[in-house]
file run.tsv (TSV, C-alpha atoms)
chain	number	residue	atom	x	y	z
R	1	MET	CA	-132.08	-0.55	-10.67
R	2	GLU	CA	-133.59	-3.84	-9.60
R	3	ASN	CA	-131.40	-6.83	-8.85
R	4	TRP	CA	-131.63	-8.59	-12.22
R	5	CYS	CA	-128.37	-10.54	-12.32
R	6	TRP	CA	-129.92	-13.69	-10.85
R	7	CYS	CA	-132.28	-14.13	-13.77
R	8	LEU	CA	-129.43	-14.37	-16.29
R	9	SER	CA	-127.92	-17.40	-14.58
R	10	GLU	CA	-128.10	-20.81	-16.22
R	11	ILE	CA	-130.64	-22.06	-13.68
R	12	PHE	CA	-133.04	-19.14	-13.60
R	13	PHE	CA	-132.94	-18.00	-17.21
R	14	PRO	CA	-135.32	-20.79	-18.40
R	15	ILE	CA	-137.73	-20.21	-15.49
R	16	ASN	CA	-137.63	-16.48	-16.09
R	17	ASP	CA	-138.20	-17.06	-19.80
R	18	LEU	CA	-141.37	-19.08	-19.13
R	19	MET	CA	-142.65	-16.68	-16.47
R	20	ARG	CA	-142.31	-13.67	-18.76
R	21	ARG	CA	-144.16	-15.34	-21.61
R	22	LYS	CA	-147.24	-15.53	-19.37
R	23	LEU	CA	-149.92	-15.73	-22.03
R	24	GLN	CA	-148.07	-18.24	-24.16
R	25	THR	CA	-147.13	-20.41	-21.18
R	26	SER	CA	-150.64	-20.44	-19.73
R	27	LEU	CA	-152.26	-21.11	-23.12
R	28	THR	CA	-149.90	-24.02	-23.69
R	29	ILE	CA	-150.65	-25.45	-20.25
R	30	VAL	CA	-154.43	-25.11	-20.82
R	31	SER	CA	-154.31	-26.72	-24.26
R	32	LEU	CA	-152.06	-29.55	-23.11
R	33	THR	CA	-154.34	-30.14	-20.10
R	34	LEU	CA	-157.39	-30.20	-22.38
R	35	CYS	CA	-155.67	-32.58	-24.73
R	36	VAL	CA	-154.43	-34.97	-22.05
R	37	GLY	CA	-157.66	-34.76	-20.01
R	38	SER	CA	-159.92	-35.55	-22.95
R	39	ALA	CA	-157.62	-38.33	-24.15
R	40	LEU	CA	-157.69	-39.91	-20.69
R	41	PHE	CA	-161.47	-39.53	-20.53
R	42	LEU	CA	-161.86	-41.23	-23.91
R	43	LEU	CA	-159.52	-44.02	-22.94
R	44	LEU	CA	-161.17	-44.73	-19.60
R	45	PHE	CA	-164.86	-44.13	-20.29
R	46	SER	CA	-165.41	-44.37	-24.04
R	47	ASP	CA	-166.95	-47.85	-23.81
R	48	ARG	CA	-169.51	-46.68	-21.23
R	49	THR	CA	-170.40	-43.38	-22.86
R	50	GLY	CA	-170.50	-45.02	-26.27
R	51	LEU	CA	-173.07	-47.61	-25.28
R	52	GLY	CA	-174.79	-45.66	-22.54
R	53	ILE	CA	-175.00	-48.81	-20.40
R	54	LEU	CA	-174.29	-47.41	-16.96
R	55	SER	CA	-176.95	-44.74	-16.67
R	56	THR	CA	-179.71	-46.82	-18.23
R	57	ALA	CA	-178.82	-49.83	-16.11
R	58	GLU	CA	-179.16	-47.69	-13.02
R	59	GLU	CA	-182.48	-46.37	-14.42
R	60	LYS	CA	-181.43	-42.73	-14.00
R	61	LEU	CA	-181.93	-41.89	-17.67
R	62	THR	CA	-184.16	-43.19	-20.43
R	63	ILE	CA	-182.44	-45.21	-23.17
R	64	GLY	CA	-182.98	-42.48	-25.77
R	65	PHE	CA	-181.66	-39.62	-23.63
R	66	SER	CA	-178.80	-41.76	-22.37
R	67	THR	CA	-177.72	-42.41	-25.97
R	68	ILE	CA	-177.86	-38.70	-26.84
R	69	PHE	CA	-176.01	-37.79	-23.65
R	70	SER	CA	-173.36	-40.44	-24.30
R	71	ARG	CA	-172.83	-39.27	-27.87
R	72	PHE	CA	-172.63	-35.67	-26.70
R	73	LEU	CA	-169.93	-36.60	-24.17
R	74	LEU	CA	-168.05	-38.59	-26.76
R	75	PHE	CA	-168.27	-35.80	-29.33
R	76	THR	CA	-167.20	-33.12	-26.81
R	77	SER	CA	-164.24	-35.19	-25.67
R	78	ILE	CA	-163.06	-35.78	-29.23
R	79	LEU	CA	-163.56	-32.08	-29.99
R	80	PHE	CA	-161.54	-31.03	-26.90
R	81	PHE	CA	-158.85	-33.53	-27.79
R	82	ALA	CA	-158.60	-32.24	-31.37
R	83	LEU	CA	-158.71	-28.56	-30.37
R	84	GLY	CA	-156.16	-29.11	-27.60
R	85	ALA	CA	-153.84	-30.99	-29.96
R	86	ILE	CA	-154.10	-28.36	-32.72
R	87	PHE	CA	-153.65	-25.47	-30.29
R	88	ALA	CA	-150.76	-27.11	-28.46
R	89	SER	CA	-148.94	-27.96	-31.69
R	90	PHE	CA	-149.44	-24.39	-32.96
R	91	LEU	CA	-148.05	-22.95	-29.72
R	92	VAL	CA	-145.12	-25.36	-29.69
R	93	PHE	CA	-144.36	-24.35	-33.28
R	94	ALA	CA	-144.47	-20.65	-32.32
R	95	MET	CA	-142.25	-21.30	-29.31
R	96	MET	CA	-139.78	-23.24	-31.44
R	97	SER	CA	-139.50	-20.30	-33.87
R	98	GLN	CA	-138.84	-17.92	-30.97
R	99	LYS	CA	-136.29	-20.27	-29.44
R	100	THR	CA	-134.54	-20.69	-32.81
R	101	ARG	CA	-134.26	-16.90	-33.05
R	102	ASP	CA	-133.02	-16.60	-29.46
R	103	ILE	CA	-130.44	-19.37	-30.00
R	104	GLY	CA	-129.21	-17.62	-33.16
R	105	LEU	CA	-128.92	-14.33	-31.30
R	106	MET	CA	-127.05	-15.84	-28.39
R	107	LYS	CA	-124.68	-17.66	-30.71
R	108	ALA	CA	-124.04	-14.50	-32.70
R	109	ALA	CA	-123.28	-12.60	-29.51
R	110	GLY	CA	-120.79	-15.25	-28.45
R	111	CYS	CA	-122.66	-17.49	-26.02
R	112	PRO	CA	-120.92	-20.89	-25.72
R	113	ASN	CA	-122.85	-23.83	-27.20
R	114	SER	CA	-122.80	-25.71	-23.91
R	115	LEU	CA	-124.53	-22.83	-22.14
R	116	ILE	CA	-127.17	-22.49	-24.88
R	117	PHE	CA	-127.82	-26.21	-24.60
R	118	GLY	CA	-128.07	-25.80	-20.81
R	119	TYR	CA	-130.59	-22.97	-21.08
R	120	PHE	CA	-132.89	-24.72	-23.48
R	121	SER	CA	-132.65	-28.25	-22.13
R	122	GLN	CA	-133.71	-26.88	-18.74
R	123	ASN	CA	-136.56	-25.10	-20.46
R	124	PHE	CA	-137.58	-28.42	-22.02
R	125	TRP	CA	-137.45	-30.24	-18.64
R	126	LEU	CA	-139.57	-27.52	-17.08
R	127	TRP	CA	-142.19	-28.07	-19.77
R	128	LEU	CA	-142.13	-31.81	-19.17
R	129	LEU	CA	-142.66	-31.23	-15.46
T	1	MET	CA	-97.94	-6.21	-33.00
T	2	SER	CA	-99.70	-6.15	-36.36
T	3	THR	CA	-102.03	-3.25	-36.97
T	4	LYS	CA	-104.16	-5.36	-39.26
T	5	VAL	CA	-107.46	-6.26	-37.65
T	6	VAL	CA	-109.24	-7.85	-40.59
T	7	SER	CA	-107.68	-9.45	-43.60
T	8	ALA	CA	-110.07	-11.07	-46.07
T	9	SER	CA	-108.67	-12.52	-49.26
T	10	GLU	CA	-110.58	-13.96	-52.20
T	11	ILE	CA	-113.72	-14.53	-50.15
T	12	CYS	CA	-116.45	-16.36	-52.07
T	13	LYS	CA	-119.84	-17.24	-50.73
T	14	THR	CA	-122.42	-19.31	-52.57
T	15	PHE	CA	-125.89	-20.14	-51.30
T	16	GLU	CA	-127.58	-23.23	-52.64
T	17	LEU	CA	-131.36	-23.29	-52.88
T	18	GLY	CA	-132.17	-26.70	-54.31
T	19	ASP	CA	-130.61	-26.76	-57.77
T	20	LEU	CA	-130.17	-23.00	-57.78
T	21	LYS	CA	-126.76	-21.63	-56.84
T	22	ILE	CA	-126.53	-17.99	-55.87
T	23	GLU	CA	-123.03	-16.58	-55.86
T	24	VAL	CA	-123.16	-13.63	-53.49
T	25	LEU	CA	-119.49	-12.89	-52.99
T	26	GLU	CA	-116.99	-13.58	-55.76
T	27	GLY	CA	-113.47	-13.00	-54.54
T	28	VAL	CA	-113.80	-10.19	-52.03
T	29	ASN	CA	-110.59	-8.69	-50.66
T	30	LEU	CA	-110.60	-6.36	-47.68
T	31	GLU	CA	-108.03	-5.16	-45.21
T	32	VAL	CA	-108.88	-3.12	-42.16
T	33	GLU	CA	-106.31	-1.63	-39.85
T	34	ARG	CA	-106.65	-0.96	-36.14
T	35	GLY	CA	-108.67	2.12	-35.29
T	36	LYS	CA	-110.02	2.57	-38.81
T	37	PHE	CA	-113.62	3.28	-39.74
T	38	VAL	CA	-114.66	1.42	-42.88
T	39	THR	CA	-118.00	1.68	-44.61
T	40	ILE	CA	-119.49	-0.77	-47.08
T	41	SER	CA	-122.32	0.24	-49.36
T	42	GLY	CA	-123.93	-1.45	-52.30
T	43	PRO	CA	-127.28	-2.36	-53.80
T	44	SER	CA	-129.78	-4.48	-51.92
T	45	GLY	CA	-128.91	-8.18	-52.09
T	46	SER	CA	-125.29	-7.52	-53.02
T	47	GLY	CA	-124.00	-9.47	-50.00
T	48	LYS	CA	-123.10	-6.68	-47.56
T	49	THR	CA	-124.61	-8.43	-44.55
T	50	THR	CA	-123.15	-11.77	-45.68
T	51	LEU	CA	-119.70	-10.21	-45.76
T	52	LEU	CA	-120.24	-8.70	-42.32
T	53	ASN	CA	-121.37	-12.10	-41.00
T	54	ILE	CA	-118.24	-13.73	-42.41
T	55	ILE	CA	-115.97	-11.12	-40.83
T	56	GLY	CA	-117.88	-11.55	-37.56
T	57	ALA	CA	-117.40	-15.35	-37.57
T	58	ILE	CA	-121.15	-15.91	-37.72
T	59	ASP	CA	-120.93	-17.44	-41.18
T	60	LYS	CA	-118.16	-19.22	-43.08
T	61	PRO	CA	-117.07	-18.45	-46.63
T	62	THR	CA	-117.40	-21.10	-49.34
T	63	SER	CA	-113.78	-20.39	-50.21
T	64	GLY	CA	-111.14	-17.80	-49.39
T	65	ARG	CA	-109.33	-16.83	-46.24
T	66	ILE	CA	-110.55	-14.65	-43.43
T	67	ILE	CA	-108.14	-13.59	-40.71
T	68	VAL	CA	-109.37	-11.46	-37.82
T	69	PHE	CA	-106.96	-10.40	-35.07
T	70	GLY	CA	-104.46	-12.87	-36.47
T	71	GLU	CA	-106.82	-15.86	-36.23
T	72	ASP	CA	-107.74	-17.82	-39.32
T	73	LEU	CA	-111.47	-18.18	-38.73
T	74	ASN	CA	-111.95	-20.89	-41.37
T	75	VAL	CA	-110.10	-23.52	-39.39
T	76	LYS	CA	-111.48	-22.81	-35.95
T	77	ASP	CA	-114.18	-24.86	-34.20
T	78	GLU	CA	-117.51	-23.54	-32.92
T	79	ASP	CA	-116.41	-23.20	-29.28
T	80	PHE	CA	-113.41	-21.11	-30.24
T	81	LEU	CA	-115.53	-18.93	-32.53
T	82	ALA	CA	-118.15	-18.35	-29.81
T	83	SER	CA	-115.49	-17.23	-27.36
T	84	PHE	CA	-113.80	-15.18	-30.08
T	85	ARG	CA	-117.04	-13.37	-30.91
T	86	CYS	CA	-117.76	-12.76	-27.25
T	87	HIS	CA	-114.41	-11.15	-26.50
T	88	ASN	CA	-113.42	-9.49	-29.77
T	89	ILE	CA	-116.48	-8.58	-31.79
T	90	GLY	CA	-119.49	-6.42	-31.10
T	91	PHE	CA	-122.32	-6.89	-33.58
T	92	VAL	CA	-125.12	-4.40	-34.14
T	93	PHE	CA	-127.80	-5.97	-36.30
T	94	GLN	CA	-130.02	-4.11	-38.72
T	95	SER	CA	-133.19	-5.24	-36.94
T	96	TYR	CA	-131.65	-4.76	-33.45
T	97	ASN	CA	-132.31	-8.40	-32.47
T	98	LEU	CA	-132.83	-7.92	-28.77
T	99	ILE	CA	-134.02	-10.84	-26.66
T	100	SER	CA	-137.71	-10.13	-26.12
T	101	THR	CA	-138.04	-11.65	-22.64
T	102	LEU	CA	-135.11	-9.72	-21.20
T	103	THR	CA	-135.25	-6.12	-20.02
T	104	VAL	CA	-132.90	-3.44	-21.38
T	105	SER	CA	-130.45	-3.97	-18.48
T	106	GLU	CA	-130.52	-7.72	-18.91
T	107	ASN	CA	-130.01	-7.51	-22.67
T	108	ILE	CA	-126.90	-5.41	-22.08
T	109	ALA	CA	-125.68	-7.62	-19.25
T	110	PHE	CA	-126.22	-10.94	-21.05
T	111	PRO	CA	-122.95	-11.05	-23.08
T	112	MET	CA	-120.99	-10.14	-19.93
T	113	GLU	CA	-122.50	-13.08	-18.10
T	114	TRP	CA	-120.73	-15.44	-20.52
T	115	THR	CA	-117.33	-13.92	-19.77
T	116	LYS	CA	-117.76	-14.82	-16.10
T	117	LYS	CA	-117.46	-11.26	-14.84
T	118	SER	CA	-118.51	-10.61	-11.26
T	119	THR	CA	-121.98	-9.27	-10.51
T	120	SER	CA	-120.63	-5.92	-9.34
T	121	GLN	CA	-118.50	-5.55	-12.50
T	122	ILE	CA	-121.54	-6.32	-14.67
T	123	GLU	CA	-123.76	-3.92	-12.74
T	124	ASN	CA	-121.26	-1.09	-13.00
T	125	ARG	CA	-120.73	-1.62	-16.71
T	126	VAL	CA	-124.48	-1.75	-17.37
T	127	LYS	CA	-124.98	1.45	-15.41
T	128	GLU	CA	-122.18	3.11	-17.35
T	129	LEU	CA	-123.62	2.05	-20.71
T	130	LEU	CA	-127.16	3.04	-19.75
T	131	GLU	CA	-125.91	6.50	-18.87
T	132	LYS	CA	-123.79	6.75	-21.99
T	133	PHE	CA	-126.74	5.98	-24.24
T	134	GLY	CA	-129.31	7.90	-22.17
T	135	LEU	CA	-131.32	4.81	-21.34
T	136	GLN	CA	-131.38	4.95	-17.50
T	137	HIS	CA	-135.14	5.53	-17.44
T	138	ARG	CA	-135.64	2.51	-19.70
T	139	ALA	CA	-133.49	0.07	-17.72
T	140	ASN	CA	-136.36	-2.17	-16.66
T	141	HIS	CA	-138.41	-1.96	-19.83
T	142	PHE	CA	-138.76	-4.72	-22.38
T	143	PRO	CA	-137.74	-4.28	-26.04
T	144	PHE	CA	-141.35	-4.11	-27.27
T	145	GLN	CA	-141.90	-1.09	-24.99
T	146	LEU	CA	-139.11	0.88	-26.71
T	147	SER	CA	-139.01	2.97	-29.86
T	148	GLY	CA	-136.81	1.98	-32.82
T	149	GLY	CA	-134.11	4.49	-31.86
T	150	GLU	CA	-134.05	3.28	-28.27
T	151	GLN	CA	-133.81	-0.34	-29.40
T	152	GLN	CA	-130.93	0.63	-31.65
T	153	ARG	CA	-129.15	2.30	-28.72
T	154	VAL	CA	-129.69	-0.84	-26.60
T	155	ALA	CA	-128.19	-2.89	-29.45
T	156	PHE	CA	-125.15	-0.58	-29.44
T	157	ALA	CA	-124.84	-0.84	-25.65
T	158	ARG	CA	-125.03	-4.65	-25.86
T	159	ALA	CA	-122.39	-4.70	-28.60
T	160	LEU	CA	-120.09	-2.58	-26.42
T	161	ALA	CA	-120.75	-4.51	-23.20
T	162	ASN	CA	-117.57	-6.57	-23.33
T	163	ASP	CA	-115.62	-3.63	-24.76
T	164	PRO	CA	-114.74	-5.46	-28.00
T	165	PRO	CA	-111.95	-4.01	-30.15
T	166	LEU	CA	-113.93	-4.55	-33.37
T	167	LEU	CA	-117.47	-3.35	-34.03
T	168	LEU	CA	-119.53	-4.62	-36.95
T	169	ILE	CA	-122.60	-2.53	-37.60
T	170	ASP	CA	-125.32	-3.32	-40.09
T	171	GLU	CA	-127.39	-0.38	-41.37
T	172	PRO	CA	-127.44	1.58	-38.09
T	173	THR	CA	-129.69	4.33	-39.39
T	174	GLY	CA	-131.65	2.30	-41.95
T	175	ASN	CA	-134.85	2.06	-39.87
T	176	LEU	CA	-134.61	5.37	-38.06
T	177	ASP	CA	-135.97	8.85	-38.64
T	178	LEU	CA	-133.63	11.77	-39.32
T	179	LYS	CA	-133.38	13.00	-35.73
T	180	THR	CA	-132.84	9.57	-34.17
T	181	GLY	CA	-130.35	8.75	-36.92
T	182	LEU	CA	-128.34	11.83	-35.92
T	183	LYS	CA	-128.02	10.51	-32.36
T	184	ILE	CA	-126.65	7.23	-33.69
T	185	ILE	CA	-124.20	9.09	-35.92
T	186	GLU	CA	-123.02	10.99	-32.83
T	187	VAL	CA	-122.40	7.64	-31.13
T	188	LEU	CA	-120.40	6.44	-34.15
T	189	ARG	CA	-118.40	9.68	-34.20
T	190	GLU	CA	-117.55	9.30	-30.52
T	191	LEU	CA	-116.52	5.67	-30.98
T	192	LYS	CA	-114.33	6.68	-33.90
T	193	GLU	CA	-112.65	9.40	-31.85
T	194	ARG	CA	-111.87	6.82	-29.20
T	195	GLY	CA	-110.08	4.75	-31.83
T	196	ARG	CA	-112.46	1.82	-32.09
T	197	THR	CA	-112.17	-0.26	-35.27
T	198	MET	CA	-115.51	-0.29	-37.02
T	199	ILE	CA	-116.94	-1.78	-40.18
T	200	VAL	CA	-120.31	-0.30	-41.02
T	201	VAL	CA	-122.72	-1.36	-43.73
T	202	THR	CA	-124.69	1.71	-44.66
T	203	HIS	CA	-126.28	3.81	-47.38
T	204	ASP	CA	-126.25	6.90	-45.21
T	205	ALA	CA	-124.05	9.66	-46.65
T	206	ARG	CA	-123.58	11.17	-43.17
T	207	ILE	CA	-121.93	7.94	-42.00
T	208	HIS	CA	-119.82	7.71	-45.17
T	209	ASP	CA	-118.48	11.17	-44.31
T	210	LEU	CA	-117.02	9.78	-41.08
T	211	ALA	CA	-115.23	6.93	-42.83
T	212	ASP	CA	-111.48	6.50	-43.29
T	213	LYS	CA	-112.18	4.04	-46.05
T	214	LYS	CA	-115.29	3.76	-48.21
T	215	THR	CA	-116.02	0.64	-50.20
T	216	LEU	CA	-118.72	-0.45	-52.59
T	217	LEU	CA	-119.89	-4.03	-52.97
T	218	GLU	CA	-121.18	-4.68	-56.45
T	219	ASN	CA	-121.55	-7.85	-58.50
T	220	GLY	CA	-119.90	-9.85	-55.74
T	221	LYS	CA	-116.75	-7.70	-55.72
T	222	LEU	CA	-115.63	-5.08	-53.27
T	223	VAL	CA	-114.42	-1.87	-54.84
T	224	LEU	CA	-112.47	0.77	-52.98
T	225	VAL	CA	-114.14	4.13	-53.43
T	226	PHE	CA	-112.08	6.29	-51.16
T	227	GLU	CA	-109.24	5.96	-48.66
call {"tool": "encode", "arguments": {"input": "run.tsv", "output": "structure tokens"}}
result
Amino acid sequence: MENWCWCLSEIFFPINDLMRRKLQTSLTIVSLTLCVGSALFLLLFSDRTGLGILSTAEEKLTIGFSTIFSRFLLFTSILFFALGAIFASFLVFAMMSQKTRDIGLMKAAGCPNSLIFGYFSQNFWLWLL
Amino acid sequence: MSTKVVSASEICKTFELGDLKIEVLEGVNLEVERGKFVTISGPSGSGKTTLLNIIGAIDKPTSGRIIVFGEDLNVKDEDFLASFRCHNIGFVFQSYNLISTLTVSENIAFPMEWTKKSTSQIENRVKELLEKFGLQHRANHFPFQLSGGEQQRVAFARALANDPPLLLIDEPTGNLDLKTGLKIIEVLRELKERGRTMIVVTHDARIHDLADKKTLLENGKLVLVFE
């Protein structure tokens, strides 16, 4: 029998929980990264891509192509942002349902409220990190 | 010391769904003595699981008094009830309700972790329960890798982890085939022989045959069928 007792402790249970939901955890990280990355891109470069000033000023692209390229970038960023946001919210909703079930189970089996709060607040902080 | 384990008097439970009020239990009375095996049957939606939840301190009645091991559960706070459930009550749910990210061993060990037992005590108890339920080869498997019968046996092992004096069991053979159901009935028979107090919600005639007291929940009332 493997040494499993460590993973039931208050500190390691949340880490263990995230590690064992590999697909869900990685999908959430990818969608949140997409969402944040595209939002940052839009915030920082939307004025340049929108007007296509930079590339045409440097004479690397024609005005027409620069406009198309700029609009493509803008559209892709918005699309990534929207997809990331929808996907992340869906995954968070799914995770919340699972956590609600787990909390109910733990309470029914007699886990003290303080410990349940400890488990899931640590889980939350891990996600924030 | 009183031999009465459960004493429920005039238990009423009403669920409110918007304007709609559903009265599930209407003055249920039940007394269970130490070491007795009590079965509750009744039509679907008659409130069997609700009654079990109230006895197990998971839910509170709308009115009435529920005393388990001499404690009036209505007036106790959440922390007391959590500790009370952990030490005194083992619950086997109809749909097993195992934690999906924990292995079989961990699911069994989890309730013991909350009682601050030492690692060696927990390991020994888990080993003992795995052997008792024939689950040694499944110790490191996750619930989704198990069959229904195996999940049910893990649920039993988890309920017995802290050696609670009262077991509440909801439809133990409801989702199982005939052969697997027989194994569970053997477990119940053994627990009964060891003098464990059990309240079982079931429709299974084979389980009713083991009972010291058979009851029927109908129209919100509990009727004694046989004692």
call {"tool": "atom_distance", "arguments": {"input": "run.tsv", "atom1": "CA of Pro61 in chain T", "atom2": "CA of Ser46 in chain T"}}
result
15.1 Å
call {"tool": "closest_residue", "arguments": {"input": "run.tsv", "among": "R:Ser121, R:Ser114, R:Thr33, R:Thr25", "to": "chain T", "atoms": "only C-alpha atoms"}}
result
R:Ser114
call {"tool": "closest_atom_pairs", "arguments": {"input": "run.tsv", "of": "chain T", "to": "chain R", "cutoff": "7 Å", "atoms": "all atoms listed in the file", "output": "tab-separated table"}}
result
residue	atom	partner	partner_atom	distance
T:Ile58	CA	R:Ala108	CA	6.0
T:Asp79	CA	R:Pro112	CA	6.2
T:Ala82	CA	R:Gly110	CA	4.3
T:Ser83	CA	R:Gly110	CA	5.8
T:Arg85	CA	R:Gly110	CA	4.9
T:Cys86	CA	R:Gly110	CA	4.1
T:Asn97	CA	R:Leu105	CA	6.9
T:Ile99	CA	R:Asp102	CA	6.5
T:Thr101	CA	R:Asp17	CA	6.1
T:Glu106	CA	R:Trp4	CA	6.8
T:Phe110	CA	R:Leu8	CA	6.7
T:Pro111	CA	R:Ala109	CA	6.6
T:Trp114	CA	R:Cys111	CA	6.2
T:Thr119	CA	R:Cys5	CA	6.8
call {"tool": "residues_around", "arguments": {"input": "run.tsv", "residues": "range 82-88 of chain R", "least_positions_apart": "6", "cutoff": "7 Å", "atoms": "only C-alpha atoms", "output": "list of chain:residue names"}}
result
R:Thr28, R:Ser31, R:Leu32, R:Leu34, R:Cys35
call {"tool": "residues_around", "arguments": {"input": "run.tsv", "residues": "range 150-164 of chain T", "least_positions_apart": "6", "cutoff": "7 Å", "atoms": "all atoms listed in the file", "output": "PyMOL selection string"}}
result
chain T and resi 87-92+96+98+104+107-108+111-112+129+133+143
call {"tool": "atom_distance", "arguments": {"input": "run.tsv", "atom1": "CA of Arg196 in chain T", "atom2": "CA of Gly35 in chain T"}}
result
5.0 Å
call {"tool": "residues_around", "arguments": {"input": "run.tsv", "residues": "Gln122 in chain R", "least_positions_apart": "4", "cutoff": "9 Å", "atoms": "only C-alpha atoms", "output": "NGL selection string"}}
result
:R and (10-11 or 14-15 or 117-118 or 126-127)
call {"tool": "atom_distance", "arguments": {"input": "run.tsv", "atom1": "CA of Val223 in chain T", "atom2": "CA of Met198 in chain T"}}
result
17.9 Å
call {"tool": "axis_aligned_box", "arguments": {"input": "run.tsv", "around": "range 97-104 of chain R", "padding_each_side": "6 Å", "output": "JSON"}}
result
{"center_x": -134.4, "center_y": -18.6, "center_z": -31.7, "size_x": 22.3, "size_y": 16.1, "size_z": 16.4}
call {"tool": "closest_residue", "arguments": {"input": "run.tsv", "among": "T:Arg34, T:His203, T:Lys4, T:Lys48", "to": "Asn219 in chain T", "atoms": "only C-alpha atoms"}}
result
T:Lys48
call {"tool": "decode", "arguments": {"input": "run.tsv", "residues": "range 90-103 of chain R", "atoms": "N, CA and C atoms", "output": "short mmCIF file (atom, residue, chain, number, x, y, z; two decimals), in the first residue's frame"}}
result
data_model
loop_
_atom_site.label_atom_id
_atom_site.label_comp_id
_atom_site.auth_asym_id
_atom_site.auth_seq_id
_atom_site.Cartn_x
_atom_site.Cartn_y
_atom_site.Cartn_z
N PHE R 90 -17.31 28.27 -17.87
CA PHE R 90 -17.92 26.94 -17.87
C PHE R 90 -17.18 25.99 -16.92
N LEU R 91 -15.84 26.03 -17.01
CA LEU R 91 -15.03 25.15 -16.16
C LEU R 91 -15.16 25.51 -14.68
N VAL R 92 -15.19 26.82 -14.41
CA VAL R 92 -15.35 27.25 -13.01
C VAL R 92 -16.71 26.78 -12.48
N PHE R 93 -17.74 26.87 -13.34
CA PHE R 93 -19.07 26.41 -12.94
C PHE R 93 -19.04 24.90 -12.63
N ALA R 94 -18.39 24.14 -13.52
CA ALA R 94 -18.29 22.68 -13.31
C ALA R 94 -17.53 22.38 -12.02
N MET R 95 -16.45 23.12 -11.80
CA MET R 95 -15.66 22.89 -10.58
C MET R 95 -16.46 23.24 -9.34
N MET R 96 -17.25 24.31 -9.43
CA MET R 96 -18.06 24.71 -8.28
C MET R 96 -19.07 23.62 -7.93
N SER R 97 -19.67 23.00 -8.97
CA SER R 97 -20.64 21.93 -8.71
C SER R 97 -19.96 20.76 -8.01
N GLN R 98 -18.75 20.41 -8.50
CA GLN R 98 -18.01 19.30 -7.88
C GLN R 98 -17.65 19.63 -6.43
N LYS R 99 -17.21 20.88 -6.24
CA LYS R 99 -16.81 21.28 -4.88
C LYS R 99 -18.02 21.27 -3.94
N THR R 100 -19.17 21.74 -4.46
CA THR R 100 -20.38 21.75 -3.64
C THR R 100 -20.71 20.33 -3.19
N ARG R 101 -20.59 19.38 -4.14
CA ARG R 101 -20.86 17.97 -3.83
C ARG R 101 -19.86 17.47 -2.78
N ASP R 102 -18.58 17.76 -3.01
CA ASP R 102 -17.55 17.30 -2.08
C ASP R 102 -17.76 17.89 -0.68
N ILE R 103 -18.12 19.18 -0.63
CA ILE R 103 -18.35 19.82 0.68
C ILE R 103 -19.52 19.14 1.38
#
